[in-house]
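Student: Just dropping this structure here.
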There are 4 protein chains.
Amino acid sequence: MTLSDAQQLEIDEARQAHTSTLRPTVAALEEILFQPIPLLDHGFIRVIDYMGDDNAVVQAARVSYGRGTKKVSEDRGLIQYLMRHWHTTPFEMAEIKIHVKLPIFVARQWIRHRTASVNEYSARYSVLDREFYLPEEAQLKAQAVTNRQGRGDGLEPQEAAQVLDLLRGDAERTYANYVWMLNEDQDGAKADPDRDGLARELARINLTLGTYTQWYWKTNLHNLMHFLRLRADPHAQYEIRVYAEALVDVFARWVPLTHEAFLEHRLGAVTLSASAVKAVRRLLAGEDAAAASSSLSPREWREVTAALGIDTTTK
Amino acid sequence: MTLSDAQQLEIDEARQAHTSTLRPTVAALEEILFQPIPLLDHGFIRVIDYMGDDNAVVQAARVSYGRGTKKVSEDRGLIQYLMRHWHTTPFEMAEIKIHVKLPIFVARQWIRHRTASVNEYSARYSVLDREFYLPEEAQLKAQAVTNRQGRGDGLEPQEAAQVLDLLRGDAERTYANYVWMLNEDQDGAKADPDRDGLARELARINLTLGTYTQWYWKTNLHNLMHFLRLRADPHAQYEIRVYAEALVDVFARWVPLTHEAFLEHRLGAVTLSASAVKAVRRLLAGEDAAAASSSLSPREWREVTAALGIDTTTK
Amino acid sequence: MTLSDAQQLEIDEARQAHTSTLRPTVAALEEILFQPIPLLDHGFIRVIDYMGDDNAVVQAARVSYGRGTKKVSEDRGLIQYLMRHWHTTPFEMAEIKIHVKLPIFVARQWIRHRTASVNEYSARYSVLDREFYLPEEAQLKAQAVTNRQGRGDGLEPQEAAQVLDLLRGDAERTYANYVWMLNEDQDGAKADPDRDGLARELARINLTLGTYTQWYWKTNLHNLMHFLRLRADPHAQYEIRVYAEALVDVFARWVPLTHEAFLEHRLGAVTLSASAVKAVRRLLAGEDAAAASSSLSPREWREVTAALGIDTTTK
Amino acid sequence: MTLSDAQQLEIDEARQAHTSTLRPTVAALEEILFQPIPLLDHGFIRVIDYMGDDNAVVQAARVSYGRGTKKVSEDRGLIQYLMRHWHTTPFEMAEIKIHVKLPIFVARQWIRHRTASVNEYSARYSVLDREFYLPEEAQLKAQAVTNRQGRGDGLEPQEAAQVLDLLRGDAERTYANYVWMLNEDQDGAKADPDRDGLARELARINLTLGTYTQWYWKTNLHNLMHFLRLRADPHAQYEIRVYAEALVDVFARWVPLTHEAFLEHRLGAVTLSASAVKAVRRLLAGEDAAAASSSLSPREWREVTAALGIDTTTK
């Protein structure tokens with residue numbers, strides 16, 4: 001990730017501008033405010049603004065008049081309770097806004113989360129930068145066999161090199177042709193005075209899905225957790241997971257008690273279906289695994305035994 | 001509106017707790033932060049938190065790296081442009097959270113705006129205060145004649161007095177019976193040891209729709225404006241309009257440039273239907289009012305002439 | 001529940017009007033279309049319209065060109081898979097619309113589900129019927145002791161009778177005064193020509209929260225399941241649970257495969273927190289309950305042991 | 001647009017399967033149900049399902065018990081009233097579901113409308129067809145001069161031909177390389193047994209934004225109108241406008257009275273800002289254009305005079 005001098009200057013200036021406020025402030029988040037966290041080859045997230053903290057969740061749940069003198073231990077207990085029993089509305093009372101630079105194919109997955117506000121950089125109005133995603137070699141993998149979506153084993157070095165050459169070559173060529181069709185110099189004047197140049201909204205269709213775009217994205221804490229539960233999951237595509245994991249770190253800085261409850265009751269939790277509950281009850285009653293598994297599909301039984309560390313070898 | 005000593009103390013303490021932040025801060029809004037603005041006989045709104053300012057709208061529209069050194073005049077121009085052309089997403093990038101005390105019948109109108117977050121005081125869990133709305137005499141009016149919803153002329157003093165007596169009597173009696181059924185003293189113990197007392201979730205059904213409730217309500221600037229356009233309108237019921245008008249003042253303190261554009265392009269704007277456009281074109285071309293009105297219903301013609309100051313007297 | 005003759009006639013006529021359609025049709029739901037299902041003392045739900053069936057979920061998941069000749073067993077498998085892995089968007093592709101008559105305090109809980117469309121009968125525009133909810137004696141219970149919201153044991157008969165008398169008396173008096181204040185006869189003319197009558201939007205504030213209202217409510221299958229998971233739950237207030245349970249029956253008629261998957265992966269499922277997973281792993285590894293419980297709060301341990309049938313008696 | 005034989009067969013079969021229903025049915029929409037309407041070079045929309053008709057809007061607004069015997073003229077009047085006064089909830093009570101094939105850059109604009117349900121064909125799971133958008137020559141235009149987004153005049157034939165060659169060449173090459181990287185034959189087996197082939201979720205990043213995707217899209221009538229107001233507007237990009245205009249025709253078949261009201265109060269309406277209202281009042285009072293324009297920006301004055309047919313030539 002590289003920023004232009006002008007961009008870096010804007011960020012530096014914003015980092016100087018301290019003001020006094022009565023609002024709840026989170027020191028650990030102020031530390032990284034506005035600073036880009038580099039992701040993939042050209043991407044980043046940076047936190048632009050936030051509203052509320054762990055205490056704001058508690059305050060809303062209590063519809064209280066002040067921030068109160070409650071102890072951290074009471075806040076922790078209430079937050080755990082709310083999270084566990086799906087009392088989700090208090091978590092809607094905190095809000096975060098980030099600036100994200102990301103490849104278009106990642107943006108297309110991200111935008112499926114509808115309960116957020118988005119302002120994307122307009123390629124009808126502006127020219128996109130010459131930045132496109134090229135995976136690291138370690139990420140070049142074959143289609144997964146067991147799972148019909150997702151990646152399996154890594155490619156052989158030779159095939160990986162060929163793939164990277166193709167991806168790079170096509171990205172460079174399509175971008176160069178985009179520029180040629182636009183026919184604009186840096187000041188927006190015609191590069192070649194004898195051609196009109198194609199409208200931006202059309203020229204962009206030549207770009208590949210690996211091209212970077214950027215947007216402002218704002219969501220509340222409840223919807224953020226929903227996003228993270230799906231996108232920080234091992235089944236999510238690697239490239240969006242990288243963003244989700246960086247956001248988990250931001251989340252932990254911002255509202256550490258909520259983050260703790262999230263790990264306990266969402267990311268680290270296991271949901272057993274009605275049939276899986278029956279199977280576990282039989283195991284706990286002393287039946288053997290072969291018998292207990294009878295009401296589950298092989299796939300679900302595999303998932304349950306993995307999640308609960310059940311020994312499936314026959315004795 | 002009266003606050004308990006404990007509530008006032010919590011607010012006073014919150015007003016002492018200054019911290020330093022890098023986030024955009026609005027001095028005019030900080031001045032009133034946490035302070036209740038009294039409304040109706042027992043209600044209030046108080047601002048609990050906010051995110052962003054006018055500049056945050058501009059920054060999102062530009063997907064920019066800093067707050068920049070843009071002049072106020074440029075920000076004003078862009079905000080007017082966005083408002084006029086219904087580019088609404090940048091206005092979603094600012095957020096406000098308020099604490100509201102309001103009669104239940106007002107709450108029922110308010111909640112129809114679904115794009116907001118709400119935490120309401122739970123009458124399953126807690127006992128409601130002895131506070132119910134009694135209109136001022138000047139607000140006691142008959143059903144409107146021209147408009148089949150809404151109020152018309154004021155009641156005669158005698159009838160108004162009778163109405164107020166009934167409203168007060170029924171509110172007091174139903175509240176007293178609520179308390180009797182609950183059978184709780186101030187500490188939640190039994191008031192009469194020989195009775196069980198009825199569960200709160202049931203006892204509350206005896207209360208009238210004038211009883212006050214309270215909630216935390218959080219919404220973004222775009223949805224706030226939508227709410228205000230409908231609820232600060234003369235057709236809105238007086239009691240919710242009082243809240244909307246107080247919110248318009250908060251809005252003006254918070255984001256003055258957006259407020260200015262809202263008055264220009266929303267509250268003060270007039271929309272002409274396709275037929276009304278035709279009528280106005282005919283007027284501007286010199287035809288007389290009688291001719292121009294021919295394609296409109298009498299009701300729409302009346303509204304158009306009122307809005308545009310058209311003289312409808314025949315010459 | 002009683003319908004007026006005119007209402008019954010309208011329903012009967014609608015039940016005659018068969019037409020031919022190419023759209024997916026569900027015979028079991030057509031059987032009960034438009035017919036009110038009585039609930040509580042004066043309430044009902046009746047299905048007004050629906051879009052899609054189980055196959056429509058499958059079709060959307062596959063983005064297919066036809067309804068296909070897929071076997072029921074394949075549809076069942078895919079629906080179970082989607083439900084289990086929270087691929088929720090295909091369930092948004094079916095929609096249902098119902099007409100509900102319900103007490104206002106139930107309506108206030110119901111409306112908190114924001115992802116639905118609602119048209120409520122307007123008490124600004126019309127006069128509400130003389131119908132208010134009076135609980136059956138068996139439902140009159142004291143505040144729960146273990147759970148700080150909800151009901152515990154039933155009241156003694158004498159106290160129950162007193163409570164019912166109060167509820168009935170206050171509902172009748174406040175309704176009678178509502179009518180007096182309105183001063184309208186059945187045709188909307190003045191009952192007493194010497195009084196103006198109070199505007200409907202104000203007179204209604206004298207009614208209690210037990211008064212019945214009605215609305216059209218439309219939601220998609222995904223949001224319906226979310227509603228049912230929360231409101232058909234034993235922790236939901238009895239009065240809304242009655243509606244949710246009736247809706248579960250409608251749901252089973254409409255999309256039986258989705259209903260089956262819902263029971264398996266939602267209503268009958270158990271979610272274990274990260275700590276509970278550890279405890280269960282220790283139990284399955286042969287440790288005793290006392291040891292296994294050490295990382296859980298007593299309350300969570302109680303819930304986990306109940307859900308999984310764990311014997312907590314020390315040997 | 002070409003359909004495979006299997007796709008055409010599925011559609012033909014679905015068009016045979018008549019059933020009887022009590023639900024409101026719209027003959028004019030049944031006529032085209034499931035049939036693709038070709039758009040651009042490879043795209044289409046086809047209506048998959050619908051719920052409700054004009055009468056359903058009326059029925060919801062009235063919270064009525066039957067479809068009633070109301071006359072069309074009364075329905076028309078009520079629908080006009082609802083539309084004019086922004087009583088939007090009854091329009092949420094009708095729903096439509098369509099299958100759309102569209103270029104990815106159009107899909108990216110479309111998806112910004114968040115209040116809809118979407119199931120997109122997954123390129124993580126499946127291989128995309130070899131179909132990419134190439135504009136007709138008449139659509140190849142230069143960047144607009146007056147409007148900083150959008151298209152202006154057409155390109156010269158020679159430049160247009162060069163542009164088309166580039167777009168076609170890059171689309172073909174990137175698709176061919178996509179196929180090479182996937183290394184799959186038609187049955188999903190390896191095309192070249194000596195290579196692993198790249199996972200689908202990665203290979204797709206080589207495709208351009210002109211590649212076609214497809215989805216199921218479902219929305220209610222209110223949100224459909226919001227979509228059409230923005231996307232059937234001359235300022236919308238041509239390629240999405242083509243889809244919006246085809247949807248306007250579908251809309252007219254489905255709910256003709258609502259469509260009529262939409263043209264009258266939305267598409268054909270003109271909104272005057274507070275300042276524009278003042279200017280029009282001055283014109284109507286006989287002042288000349290030069291005087292009247294003084295409070296408006298030149299741009300807004302131009303728009304107002306165009307909309308109202310005001311003669312701006314000085315006398």
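Going by the structure tokens order, chains are called A, B, ..., each with residues numbered from 1, while ligands are numbered from 1 in the order shown.
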Can you pull out the residues contacting Val58 in chain B? Cut-off 9 Å, using only C-alpha atoms, and skip same-chain residues under 5 positions away; I want them as a list of chain:residue names.

Tutor: B:Val63, B:Ser64, B:Arg67, B:Asp75, B:Leu78, B:Ile79, B:Pro90, B:Phe91

Student: Just N, CA and C atoms for this one: save the residues we selected as a compact mmCIF listing (two decimals), in the first residue's frame.

Tutor:
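Saved as selection_21.txt:
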```
# COMPACT_ATOMS: atom_id res chain seq x y z
N VAL B 63 -15.13 10.62 -0.65
CA VAL B 63 -14.29 9.49 -0.25
C VAL B 63 -12.86 9.99 -0.05
N SER B 64 -12.72 11.01 0.81
CA SER B 64 -11.43 11.68 0.91
C SER B 64 -10.57 11.15 2.06
N ARG B 67 -9.89 15.65 6.44
CA ARG B 67 -11.02 16.57 6.50
C ARG B 67 -10.79 17.73 5.54
N ASP B 75 -18.22 23.61 0.90
CA ASP B 75 -19.02 22.60 1.58
C ASP B 75 -20.50 22.91 1.40
N LEU B 78 -21.65 21.96 -2.11
CA LEU B 78 -21.77 20.52 -2.35
C LEU B 78 -22.98 19.96 -1.61
N ILE B 79 -23.18 20.40 -0.39
CA ILE B 79 -24.32 19.90 0.40
C ILE B 79 -25.65 20.28 -0.26
N PRO B 90 -24.37 10.20 1.34
CA PRO B 90 -23.44 10.91 2.24
C PRO B 90 -24.10 11.37 3.55
N PHE B 91 -25.40 11.62 3.51
CA PHE B 91 -26.09 12.04 4.74
C PHE B 91 -26.27 10.88 5.72
```

Student: What parts of range 58-97 of chain B does DSSP call helix (DSSP H, G or I)? I'd like the answer as a list of chain:residue names.

Tutor: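 So the helix (DSSP H, G or I) residues in range 58-97 of chain B would be B:Val58, B:Gln59, B:Ala60, B:Ala61, B:Arg62, B:Val72, B:Ser73, B:Glu74, B:Asp75, B:Arg76, B:Gly77, B:Leu78, B:Ile79, B:Gln80, B:Tyr81, B:Leu82, B:Met83, B:Arg84, B:Thr89, B:Pro90, B:Phe91, B:Glu92, B:Met93.
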
Student: Go ahead and dump the residues you just picked, N, CA and C atoms, as a CSV table (one decimal), in the first residue's frame.

Tutor:
```
chain,number,residue,atom,x,y,z
B,58,VAL,N,-19.5,15.9,3.5
B,58,VAL,CA,-18.6,16.3,2.3
B,58,VAL,C,-17.5,15.2,2.1
B,59,GLN,N,-16.9,14.9,3.2
B,59,GLN,CA,-15.8,13.9,3.2
B,59,GLN,C,-16.2,12.6,2.6
B,60,ALA,N,-17.4,12.1,3.0
B,60,ALA,CA,-17.9,10.8,2.5
B,60,ALA,C,-18.3,10.9,1.1
B,61,ALA,N,-18.9,12.1,0.7
B,61,ALA,CA,-19.2,12.2,-0.7
B,61,ALA,C,-18.0,12.2,-1.6
B,62,ARG,N,-16.9,12.7,-1.1
B,62,ARG,CA,-15.6,12.7,-1.8
B,62,ARG,C,-14.7,11.5,-1.6
B,72,VAL,N,-15.8,26.8,3.8
B,72,VAL,CA,-17.3,26.6,4.1
B,72,VAL,C,-18.1,26.8,2.9
B,73,SER,N,-17.8,27.7,2.0
B,73,SER,CA,-18.6,28.0,0.8
B,73,SER,C,-18.6,26.8,-0.1
B,74,GLU,N,-17.5,26.1,-0.2
B,74,GLU,CA,-17.5,24.9,-1.1
B,74,GLU,C,-18.4,23.8,-0.4
B,75,ASP,N,-18.2,23.6,0.9
B,75,ASP,CA,-19.0,22.6,1.6
B,75,ASP,C,-20.5,22.9,1.4
B,76,ARG,N,-20.9,24.2,1.6
B,76,ARG,CA,-22.3,24.6,1.4
B,76,ARG,C,-22.8,24.2,0.0
B,77,GLY,N,-22.0,24.5,-1.0
B,77,GLY,CA,-22.4,24.3,-2.4
B,77,GLY,C,-22.6,22.8,-2.6
B,78,LEU,N,-21.7,22.0,-2.1
B,78,LEU,CA,-21.8,20.5,-2.3
B,78,LEU,C,-23.0,20.0,-1.6
B,79,ILE,N,-23.2,20.4,-0.4
B,79,ILE,CA,-24.3,19.9,0.4
B,79,ILE,C,-25.6,20.3,-0.3
B,80,GLN,N,-25.7,21.5,-0.8
B,80,GLN,CA,-26.9,21.9,-1.5
B,80,GLN,C,-27.2,21.0,-2.7
B,81,TYR,N,-26.1,20.7,-3.4
B,81,TYR,CA,-26.2,19.9,-4.6
B,81,TYR,C,-26.6,18.5,-4.3
B,82,LEU,N,-26.0,17.9,-3.2
B,82,LEU,CA,-26.4,16.5,-2.8
B,82,LEU,C,-27.9,16.5,-2.4
B,83,MET,N,-28.3,17.5,-1.7
B,83,MET,CA,-29.7,17.5,-1.2
B,83,MET,C,-30.7,17.6,-2.4
B,84,ARG,N,-30.3,18.5,-3.3
B,84,ARG,CA,-31.2,18.8,-4.4
B,84,ARG,C,-31.4,17.6,-5.3
B,89,THR,N,-26.8,9.1,0.1
B,89,THR,CA,-25.9,8.3,0.9
B,89,THR,C,-24.9,9.1,1.8
B,90,PRO,N,-24.4,10.2,1.3
B,90,PRO,CA,-23.4,10.9,2.2
B,90,PRO,C,-24.1,11.4,3.5
B,91,PHE,N,-25.4,11.6,3.5
B,91,PHE,CA,-26.1,12.0,4.7
B,91,PHE,C,-26.3,10.9,5.7
B,92,GLU,N,-26.1,9.7,5.2
B,92,GLU,CA,-26.2,8.5,6.1
B,92,GLU,C,-24.9,8.4,7.0
B,93,MET,N,-23.9,9.2,6.7
B,93,MET,CA,-22.6,9.1,7.3
B,93,MET,C,-22.5,9.8,8.6
```

Student: What are the residues of chain D that have an atom within 9 Å of an atom of chain B, counting only C-alpha atoms, as an MDAnalysis selection string?

Tutor: chainID D and resid 84 263:278 280:281 283:285 307:311

Student: Please report the interatomic distance between CA of Leu166 in chain A and CA of Ala107 in chain D in Å with one decimal.

Tutor: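 Interatomic distance here is 25.9 Å.
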
Student: From the DSSP assignment of the backbone, select every residue of range 208-253 of chain C that is strand (DSSP E or B), and format the answer as a PyMOL selection string.

Tutor: chain C and resi 208+211-220

Student: Just to confirm, what's the straight-line distance from CA of Thr211 in chain B to CA of Pro103 in chain B in Å (one decimal)?

Tutor: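 Interatomic distance here is 5.3 Å.
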
Student: CA of Ile32 in chain A to CA of Asp54 in chain B: how many Å, to one decimal?

Tutor: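 If I compute the distance from CA of Ile32 in chain A to CA of Asp54 in chain B, I get 23.1 Å.
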
Student: Could you check the closest approach to Glu136 in chain D for each of A:Glu172, A:Leu202, A:Ser122, A:Asp153 and tell me which residue wins, using only C-alpha atoms?

Tutor: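 The answer is A:Leu202, which sits nearest to Glu136 in chain D.
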
Student: Can you pull out every residue within 9 Å of Tyr178 in chain D, counting only C-alpha atoms, but drop anything in the same chain fewer than 4 positions away, and send it as a ChimeraX atom specification?

Tutor: /D:173-174,182-183,200,203-207
